[in-house]
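work_2.pdb follows (PDB, C-alpha atoms and all ligand atoms):
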ATOM      1  CA  ALA V   1       0.000   0.000   0.000
ATOM      2  CA  ILE V   2       1.002   3.631  -0.462
ATOM      3  CA  ARG V   3       2.675   5.065   2.661
ATOM      4  CA  GLY V   4       4.634   8.046   1.380
ATOM      5  CA  MET V   5       4.486  11.020  -0.955
ATOM      6  CA  ILE V   6       7.501  12.688  -2.539
ATOM      7  CA  PHE V   7       7.022  16.199  -3.886
ATOM      8  CA  ASP V   8       9.205  17.923  -6.403
ATOM      9  CA  LEU V   9       9.548  21.553  -5.329
ATOM     10  CA  ASP V  10      10.111  23.891  -8.284
ATOM     11  CA  GLY V  11       7.002  23.779 -10.458
ATOM     12  CA  VAL V  12       4.955  21.576  -8.123
ATOM     13  CA  LEU V  13       4.686  23.308  -4.740
ATOM     14  CA  THR V  14       5.858  26.742  -5.934
ATOM     15  CA  ASP V  15       6.715  28.418  -9.212
ATOM     16  CA  THR V  16      10.409  29.154  -8.843
ATOM     17  CA  ALA V  17      10.747  28.425 -12.585
ATOM     18  CA  GLN V  18      10.148  32.157 -13.060
ATOM     19  CA  TYR V  19      13.131  33.035 -10.828
ATOM     20  CA  HIS V  20      15.357  30.428 -12.487
ATOM     21  CA  TYR V  21      14.361  32.001 -15.805
ATOM     22  CA  LEU V  22      15.174  35.566 -14.696
ATOM     23  CA  ALA V  23      18.565  34.480 -13.348
ATOM     24  CA  TRP V  24      19.510  32.527 -16.510
ATOM     25  CA  GLN V  25      18.274  35.396 -18.711
ATOM     26  CA  ARG V  26      20.506  37.868 -16.858
ATOM     27  CA  LEU V  27      23.519  35.588 -17.256
ATOM     28  CA  ALA V  28      22.766  34.951 -20.948
ATOM     29  CA  ASN V  29      22.444  38.700 -21.595
ATOM     30  CA  GLU V  30      25.799  39.340 -19.923
ATOM     31  CA  GLU V  31      27.399  36.627 -22.058
ATOM     32  CA  GLY V  32      25.670  37.786 -25.248
ATOM     33  CA  ILE V  33      23.983  34.405 -25.680
ATOM     34  CA  PRO V  34      20.477  34.397 -27.175
ATOM     35  CA  PHE V  35      17.955  33.122 -24.619
ATOM     36  CA  ASN V  36      14.268  33.625 -23.937
ATOM     37  CA  ARG V  37      11.284  32.341 -21.990
ATOM     38  CA  GLN V  38      10.618  29.618 -24.525
ATOM     39  CA  ALA V  39      14.201  28.335 -24.383
ATOM     40  CA  ASN V  40      13.832  28.287 -20.593
ATOM     41  CA  GLU V  41      11.037  25.682 -20.850
ATOM     42  CA  ALA V  42      13.637  23.075 -21.836
ATOM     43  CA  LEU V  43      15.427  23.668 -18.499
ATOM     44  CA  ARG V  44      12.477  22.621 -16.342
ATOM     45  CA  GLY V  45      13.587  20.182 -13.651
ATOM     46  CA  ILE V  46      17.084  19.623 -14.980
ATOM     47  CA  SER V  47      20.276  20.290 -13.035
ATOM     48  CA  ARG V  48      22.129  23.591 -12.942
ATOM     49  CA  ARG V  49      25.023  22.267 -15.027
ATOM     50  CA  ALA V  50      22.780  20.563 -17.596
ATOM     51  CA  SER V  51      20.797  23.823 -17.868
ATOM     52  CA  LEU V  52      23.938  25.849 -18.559
ATOM     53  CA  MET V  53      25.089  23.303 -21.149
ATOM     54  CA  LEU V  54      21.805  23.703 -23.039
ATOM     55  CA  ILE V  55      22.121  27.502 -22.898
ATOM     56  CA  ILE V  56      25.703  27.676 -24.190
ATOM     57  CA  GLY V  57      25.074  25.057 -26.890
ATOM     58  CA  ASP V  58      28.222  24.633 -28.986
ATOM     59  CA  ARG V  59      29.930  27.794 -27.727
ATOM     60  CA  ARG V  60      33.259  26.915 -26.183
ATOM     61  CA  TYR V  61      33.985  27.722 -22.541
ATOM     62  CA  SER V  62      36.631  26.358 -20.168
ATOM     63  CA  GLU V  63      35.643  24.423 -17.038
ATOM     64  CA  VAL V  64      36.697  27.453 -14.962
ATOM     65  CA  GLN V  65      34.379  29.704 -16.971
ATOM     66  CA  ILE V  66      31.558  27.165 -16.668
ATOM     67  CA  GLN V  67      31.957  27.046 -12.881
ATOM     68  CA  GLU V  68      31.990  30.838 -12.689
ATOM     69  CA  MET V  69      28.817  31.131 -14.783
ATOM     70  CA  MET V  70      27.024  28.529 -12.647
ATOM     71  CA  GLU V  71      27.959  30.504  -9.527
ATOM     72  CA  ARG V  72      26.940  33.808 -11.063
ATOM     73  CA  LYS V  73      23.527  32.464 -12.094
ATOM     74  CA  ASN V  74      23.075  31.022  -8.594
ATOM     75  CA  ASP V  75      23.945  34.356  -6.963
ATOM     76  CA  TYR V  76      21.203  36.011  -9.037
ATOM     77  CA  TYR V  77      18.772  33.202  -8.172
ATOM     78  CA  VAL V  78      19.532  33.308  -4.431
ATOM     79  CA  GLU V  79      18.896  37.054  -4.486
ATOM     80  CA  LEU V  80      15.508  36.537  -6.170
ATOM     81  CA  ILE V  81      14.228  33.763  -3.867
ATOM     82  CA  GLN V  82      14.666  35.954  -0.780
ATOM     83  CA  ARG V  83      11.282  37.469  -1.674
ATOM     84  CA  ILE V  84       9.417  34.131  -1.522
ATOM     85  CA  THR V  85       6.622  33.992   1.079
ATOM     86  CA  PRO V  86       3.890  31.413   1.932
ATOM     87  CA  LYS V  87       1.730  33.242  -0.643
ATOM     88  CA  ASP V  88       3.974  31.733  -3.322
ATOM     89  CA  LEU V  89       2.683  28.207  -2.640
ATOM     90  CA  LEU V  90       0.757  27.040  -5.721
ATOM     91  CA  PRO V  91      -3.034  26.500  -5.458
ATOM     92  CA  GLY V  92      -3.933  23.286  -3.639
ATOM     93  CA  ALA V  93      -0.437  22.698  -2.219
ATOM     94  CA  VAL V  94      -1.121  23.404   1.455
ATOM     95  CA  SER V  95      -4.484  21.651   1.572
ATOM     96  CA  LEU V  96      -3.014  18.544  -0.067
ATOM     97  CA  LEU V  97      -0.037  18.466   2.328
ATOM     98  CA  ASP V  98      -2.395  18.825   5.308
ATOM     99  CA  ASP V  99      -4.782  16.220   3.900
ATOM    100  CA  LEU V 100      -1.943  13.694   3.423
ATOM    101  CA  ARG V 101      -0.622  14.283   6.940
ATOM    102  CA  GLN V 102      -4.101  13.780   8.302
ATOM    103  CA  ALA V 103      -4.160  10.423   6.484
ATOM    104  CA  ARG V 104      -0.847   9.593   8.246
ATOM    105  CA  LEU V 105       1.160   9.409   5.057
ATOM    106  CA  LYS V 106       4.836  10.339   5.159
ATOM    107  CA  ILE V 107       5.910  13.341   3.095
ATOM    108  CA  ALA V 108       9.297  14.156   1.537
ATOM    109  CA  ILE V 109      10.636  16.800  -0.818
ATOM    110  CA  GLY V 110      12.626  15.467  -3.772
ATOM    111  CA  SER V 111      14.191  18.497  -5.451
ATOM    112  CA  ALA V 112      17.238  18.753  -7.711
ATOM    113  CA  SER V 113      17.901  22.202  -6.264
ATOM    114  CA  LYS V 114      20.735  23.093  -3.912
ATOM    115  CA  ASN V 115      18.514  25.948  -2.760
ATOM    116  CA  ALA V 116      15.575  23.727  -1.775
ATOM    117  CA  ARG V 117      16.007  24.251   1.990
ATOM    118  CA  VAL V 118      15.874  28.040   1.667
ATOM    119  CA  VAL V 119      12.763  27.850  -0.511
ATOM    120  CA  ILE V 120      11.045  25.420   1.900
ATOM    121  CA  GLU V 121      11.832  27.724   4.804
ATOM    122  CA  LYS V 122      10.556  30.817   2.957
ATOM    123  CA  LEU V 123       7.358  28.963   2.003
ATOM    124  CA  GLY V 124       6.858  28.054   5.675
ATOM    125  CA  ILE V 125       6.185  24.349   5.058
ATOM    126  CA  GLY V 126       9.106  22.873   7.005
ATOM    127  CA  ASN V 127       6.742  21.603   9.702
ATOM    128  CA  LYS V 128       4.603  19.728   7.173
ATOM    129  CA  ILE V 129       7.336  17.481   5.782
ATOM    130  CA  ASP V 130       9.271  14.515   7.176
ATOM    131  CA  ALA V 131      12.374  14.519   4.956
ATOM    132  CA  ILE V 132      14.227  16.552   2.347
ATOM    133  CA  ALA V 133      16.208  15.157  -0.586
ATOM    134  CA  ASP V 134      17.866  18.040  -2.442
ATOM    135  CA  GLY V 135      20.728  18.948  -4.767
ATOM    136  CA  TYR V 136      23.235  17.871  -2.105
ATOM    137  CA  SER V 137      21.731  14.425  -1.435
ATOM    138  CA  VAL V 138      22.968  12.402  -4.423
ATOM    139  CA  GLN V 139      25.460  12.643  -7.272
ATOM    140  CA  LYS V 140      23.347  11.670 -10.279
ATOM    141  CA  PRO V 141      20.618  14.186 -11.181
ATOM    142  CA  LYS V 142      17.128  13.382 -12.511
ATOM    143  CA  PRO V 143      16.282  11.476 -14.785
ATOM    144  CA  ALA V 144      18.382   9.054 -12.678
ATOM    145  CA  PRO V 145      16.238   7.487  -9.898
ATOM    146  CA  ASP V 146      18.833   8.243  -7.177
ATOM    147  CA  LEU V 147      17.240  11.360  -5.661
ATOM    148  CA  PHE V 148      13.813   9.767  -5.202
ATOM    149  CA  LEU V 149      15.344   6.525  -3.894
ATOM    150  CA  PHE V 150      17.230   8.625  -1.346
ATOM    151  CA  ALA V 151      13.971  10.345  -0.348
ATOM    152  CA  ALA V 152      12.183   6.996   0.120
ATOM    153  CA  GLN V 153      15.083   5.728   2.197
ATOM    154  CA  GLN V 154      14.854   8.830   4.408
ATOM    155  CA  LEU V 155      11.166   8.033   4.942
ATOM    156  CA  GLY V 156      11.977   4.383   5.699
ATOM    157  CA  LEU V 157       9.793   3.196   2.810
ATOM    158  CA  SER V 158      10.274   0.988  -0.245
ATOM    159  CA  PRO V 159       9.927   2.597  -3.722
ATOM    160  CA  GLN V 160       6.640   0.745  -4.330
ATOM    161  CA  GLN V 161       5.158   2.463  -1.281
ATOM    162  CA  CYS V 162       5.882   5.934  -2.678
ATOM    163  CA  VAL V 163       4.112   8.346  -5.026
ATOM    164  CA  VAL V 164       6.094  11.121  -6.749
ATOM    165  CA  PHE V 165       4.513  14.451  -7.778
ATOM    166  CA  GLU V 166       6.482  16.000 -10.657
ATOM    167  CA  ASP V 167       6.121  18.764 -13.259
ATOM    168  CA  ALA V 168       9.133  17.855 -15.419
ATOM    169  CA  ALA V 169       9.664  15.056 -17.939
ATOM    170  CA  ALA V 170      13.068  14.316 -16.366
ATOM    171  CA  GLY V 171      11.341  13.961 -12.983
ATOM    172  CA  ILE V 172       8.665  11.566 -14.258
ATOM    173  CA  ASP V 173      11.430   9.488 -15.869
ATOM    174  CA  ALA V 174      13.289   9.470 -12.533
ATOM    175  CA  ALA V 175      10.163   8.343 -10.624
ATOM    176  CA  LEU V 176       9.457   5.523 -13.095
ATOM    177  CA  ALA V 177      13.119   4.462 -13.049
ATOM    178  CA  ALA V 178      12.818   4.260  -9.250
ATOM    179  CA  SER V 179       9.743   1.958  -9.612
ATOM    180  CA  MET V 180       7.540   4.510  -7.877
ATOM    181  CA  TRP V 181       4.068   5.740  -8.714
ATOM    182  CA  ALA V 182       4.092   9.025 -10.636
ATOM    183  CA  VAL V 183       1.620  11.889 -10.679
ATOM    184  CA  GLY V 184       2.388  14.338 -13.494
ATOM    185  CA  ILE V 185       1.476  17.970 -12.913
ATOM    186  CA  GLY V 186       0.915  19.874 -16.156
ATOM    187  CA  PRO V 187       0.283  19.217 -19.838
ATOM    188  CA  PRO V 188       0.283  15.576 -21.065
ATOM    189  CA  VAL V 189       2.888  16.493 -23.712
ATOM    190  CA  ARG V 190       5.277  17.084 -20.828
ATOM    191  CA  VAL V 191       4.223  14.588 -18.136
ATOM    192  CA  GLY V 192       1.998  12.166 -20.060
ATOM    193  CA  THR V 193       4.075   9.096 -19.157
ATOM    194  CA  ALA V 194       3.039   9.406 -15.475
ATOM    195  CA  HIS V 195       0.425   6.998 -14.039
ATOM    196  CA  ILE V 196      -1.904   9.904 -13.368
ATOM    197  CA  VAL V 197      -1.855  13.390 -14.956
ATOM    198  CA  VAL V 198      -3.499  16.471 -13.399
ATOM    199  CA  PRO V 199      -3.282  20.126 -14.479
ATOM    200  CA  SER V 200      -2.314  21.309 -10.977
ATOM    201  CA  LEU V 201      -2.567  20.304  -7.304
ATOM    202  CA  ALA V 202      -5.815  22.265  -6.956
ATOM    203  CA  GLY V 203      -8.594  19.927  -5.847
ATOM    204  CA  VAL V 204      -6.300  16.896  -5.497
ATOM    205  CA  THR V 205      -7.077  14.947  -2.297
ATOM    206  CA  TRP V 206      -5.961  11.631  -0.818
ATOM    207  CA  GLU V 207      -9.561  10.510  -1.123
ATOM    208  CA  ASN V 208      -9.593  10.866  -4.923
ATOM    209  CA  LEU V 209      -5.998   9.639  -5.362
ATOM    210  CA  GLN V 210      -6.089   6.433  -3.367
ATOM    211  CA  GLY V 211      -7.289   3.395  -5.238
ATOM    212  CA  LYS V 212      -5.663   4.669  -8.435
ATOM    213  CA  PHE V 213      -2.359   3.053  -7.520
ATOM    214  CA  ARG V 214      -2.631  -0.708  -7.995
ATOM    215  CA  ASP V 215       0.165  -3.158  -8.677
TER     216      ASP V 215
HETATM  217  P1  LIG A 301      19.737  24.869  -8.272
HETATM  218  P2  LIG A 301      13.178  20.759  -8.839
HETATM  219  C1  LIG A 301      15.182  22.026 -10.106
HETATM  220  O1  LIG A 301      14.322  21.898  -9.001
HETATM  221  C2  LIG A 301      14.691  23.132 -11.021
HETATM  222  O2  LIG A 301      13.461  22.772 -11.613
HETATM  223  C3  LIG A 301      15.697  23.396 -12.104
HETATM  224  O3  LIG A 301      15.257  24.464 -12.918
HETATM  225  C4  LIG A 301      17.055  23.743 -11.468
HETATM  226  O4  LIG A 301      18.047  23.935 -12.468
HETATM  227  C5  LIG A 301      17.481  22.593 -10.536
HETATM  228  O5  LIG A 301      16.464  22.393  -9.564
HETATM  229  C6  LIG A 301      18.787  22.916  -9.817
HETATM  230  O6  LIG A 301      18.570  24.015  -8.970
HETATM  231  O7  LIG A 301      20.483  25.576  -9.364
HETATM  232  O8  LIG A 301      18.982  25.793  -7.345
HETATM  233  O9  LIG A 301      20.621  23.907  -7.508
HETATM  234  O10 LIG A 301      12.194  20.990  -9.951
HETATM  235  O11 LIG A 301      13.887  19.427  -8.927
HETATM  236  O12 LIG A 301      12.601  21.043  -7.476
HETATM  237 MG    MG A 302      10.186  20.694 -10.913
END
Can the structure from this file be put into structure tokens for me?
Amino acid sequence: AIRGMIFDLDGVLTDTAQYHYLAWQRLANEEGIPFNRQANEALRGISRRASLMLIIGDRRYSEVQIQEMMERKNDYYVELIQRITPKDLLPGAVSLLDDLRQARLKIAIGSASKNARVVIEKLGIGNKIDAIADGYSVQKPKPAPDLFLFAAQQLGLSPQQCVVFEDAAAGIDAALAASMWAVGIGPPVRVGTAHIVVPSLAGVTWENLQGKFRD
């Protein structure tokens, strides 16, 4: 039976994608690399390094320059997320977290971000979750299953007992590779390979979820 829920952070509980976009755009402008909101869509859920690689394309940079650009983007991002408040939780997020706790399910965050703890603190949801797996927890980023397996381990559960909520294709792939149940948040073109697809967390309850996960 299902005993735990693992939530991606960026794009599922809050829309930090906008802040990631602004930070990458600023860096791209400084480097004279063409970049826009549409190009940013391809970066959803993927690691900082993989994001930068997609932005620079076949332009040649040294490892030192790559490191410096990753740090510079992060400095811009860290500055932007200081303004996050509980109002930045996406519709349905708090009620679902409370509903799941009420049902005595364990809850973890499974985020690729090294800034996940700051965001969780700013959102004020630290007291609603049992474990955090973030950008420091494992080496291999999504779509590898490692981050979600780490989260399940932190909860003391097997993968088959866990459901992952994800907004990114790489995250759904990671959940399926971990042999977990996957709920895709967003358009089917992006998350259609999940077991269940919903447009957002609004209106999602344990009552209408349970029973949909059968081996
Ligand atoms: P950072 P998630 C991901 O978070 C973001 O979606 C992605 O845009 C970002 O590049 C990645 O975290 C790394 O974040 O640069 O802060 O370490 O969706 O897995 O919660
Ligand atoms: Mg995400």
Enumerate residues in contact with ligand LIG 301 (chain A): an atom-to-atom distance of at most 9 Å, counting only C-alpha atoms and all ligand atoms. Format the result as a PDB file with C-alpha atoms, keeping the file's coordinate frame.
ATOM      1  CA  PHE V   7       7.022  16.199  -3.886  1.00  0.00           C
ATOM      2  CA  ASP V   8       9.205  17.923  -6.403  1.00  0.00           C
ATOM      3  CA  LEU V   9       9.548  21.553  -5.329  1.00  0.00           C
ATOM      4  CA  ASP V  10      10.111  23.891  -8.284  1.00  0.00           C
ATOM      5  CA  GLY V  11       7.002  23.779 -10.458  1.00  0.00           C
ATOM      6  CA  VAL V  12       4.955  21.576  -8.123  1.00  0.00           C
ATOM      7  CA  LEU V  13       4.686  23.308  -4.740  1.00  0.00           C
ATOM      8  CA  THR V  14       5.858  26.742  -5.934  1.00  0.00           C
ATOM      9  CA  THR V  16      10.409  29.154  -8.843  1.00  0.00           C
ATOM     10  CA  ALA V  17      10.747  28.425 -12.585  1.00  0.00           C
ATOM     11  CA  HIS V  20      15.357  30.428 -12.487  1.00  0.00           C
ATOM     12  CA  TYR V  21      14.361  32.001 -15.805  1.00  0.00           C
ATOM     13  CA  ASN V  40      13.832  28.287 -20.593  1.00  0.00           C
ATOM     14  CA  LEU V  43      15.427  23.668 -18.499  1.00  0.00           C
ATOM     15  CA  ARG V  44      12.477  22.621 -16.342  1.00  0.00           C
ATOM     16  CA  GLY V  45      13.587  20.182 -13.651  1.00  0.00           C
ATOM     17  CA  ILE V  46      17.084  19.623 -14.980  1.00  0.00           C
ATOM     18  CA  SER V  47      20.276  20.290 -13.035  1.00  0.00           C
ATOM     19  CA  ARG V  48      22.129  23.591 -12.942  1.00  0.00           C
ATOM     20  CA  ARG V  49      25.023  22.267 -15.027  1.00  0.00           C
ATOM     21  CA  ALA V  50      22.780  20.563 -17.596  1.00  0.00           C
ATOM     22  CA  SER V  51      20.797  23.823 -17.868  1.00  0.00           C
ATOM     23  CA  LEU V  52      23.938  25.849 -18.559  1.00  0.00           C
ATOM     24  CA  MET V  70      27.024  28.529 -12.647  1.00  0.00           C
ATOM     25  CA  GLU V  71      27.959  30.504  -9.527  1.00  0.00           C
ATOM     26  CA  LYS V  73      23.527  32.464 -12.094  1.00  0.00           C
ATOM     27  CA  ASN V  74      23.075  31.022  -8.594  1.00  0.00           C
ATOM     28  CA  TYR V  77      18.772  33.202  -8.172  1.00  0.00           C
ATOM     29  CA  VAL V  78      19.532  33.308  -4.431  1.00  0.00           C
ATOM     30  CA  ILE V 109      10.636  16.800  -0.818  1.00  0.00           C
ATOM     31  CA  GLY V 110      12.626  15.467  -3.772  1.00  0.00           C
ATOM     32  CA  SER V 111      14.191  18.497  -5.451  1.00  0.00           C
ATOM     33  CA  ALA V 112      17.238  18.753  -7.711  1.00  0.00           C
ATOM     34  CA  SER V 113      17.901  22.202  -6.264  1.00  0.00           C
ATOM     35  CA  LYS V 114      20.735  23.093  -3.912  1.00  0.00           C
ATOM     36  CA  ASN V 115      18.514  25.948  -2.760  1.00  0.00           C
ATOM     37  CA  ALA V 116      15.575  23.727  -1.775  1.00  0.00           C
ATOM     38  CA  ASP V 134      17.866  18.040  -2.442  1.00  0.00           C
ATOM     39  CA  GLY V 135      20.728  18.948  -4.767  1.00  0.00           C
ATOM     40  CA  TYR V 136      23.235  17.871  -2.105  1.00  0.00           C
ATOM     41  CA  PRO V 141      20.618  14.186 -11.181  1.00  0.00           C
ATOM     42  CA  LYS V 142      17.128  13.382 -12.511  1.00  0.00           C
ATOM     43  CA  GLU V 166       6.482  16.000 -10.657  1.00  0.00           C
ATOM     44  CA  ASP V 167       6.121  18.764 -13.259  1.00  0.00           C
ATOM     45  CA  ALA V 168       9.133  17.855 -15.419  1.00  0.00           C
ATOM     46  CA  GLY V 171      11.341  13.961 -12.983  1.00  0.00           C
TER      47      GLY V 171
END
Give as a PyMOL selection string every residue, naming chains and numbers as the document does, that has an atom within 12 Å of (12.2, 36.5, -2.7), counting only C-alpha atoms.
chain V and resi 15-16+18-20+76-88+118-119+121-123
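Under the PyMOL selection byres (((chain V and resi 185) around 10) and not hetatm), the matching residues in the shown file are Gly11, Val12, Phe165, Glu166, Asp167, Ala168, Ile172, Ala182, Val183, Gly184, Gly186, Pro187, Pro188, Arg190, Val191, Gly192, Ala194, Ile196, Val197, Val198, Pro199, Ser200 and Leu201 of chain V.
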V:Glu41, V:Asp130, V:Asp99, V:Asp58 ranked by distance to V:Ala169, top pick (using all atoms listed in the file):
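Under the stated criterion, the closest residue is V:Glu41.
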What is the atom CA of V:Ile132 to atom CA of V:Ala151 distance in Å?
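Result for atom CA of V:Ile132 versus atom CA of V:Ala151: 6.8 Å, one decimal.
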What separation in Å, quoted to one decimal, exists between atom CA of V:Gln161 and atom CA of V:Met180?
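About the pair atom CA of V:Gln161 and atom CA of V:Met180: they are 7.3 Å apart.
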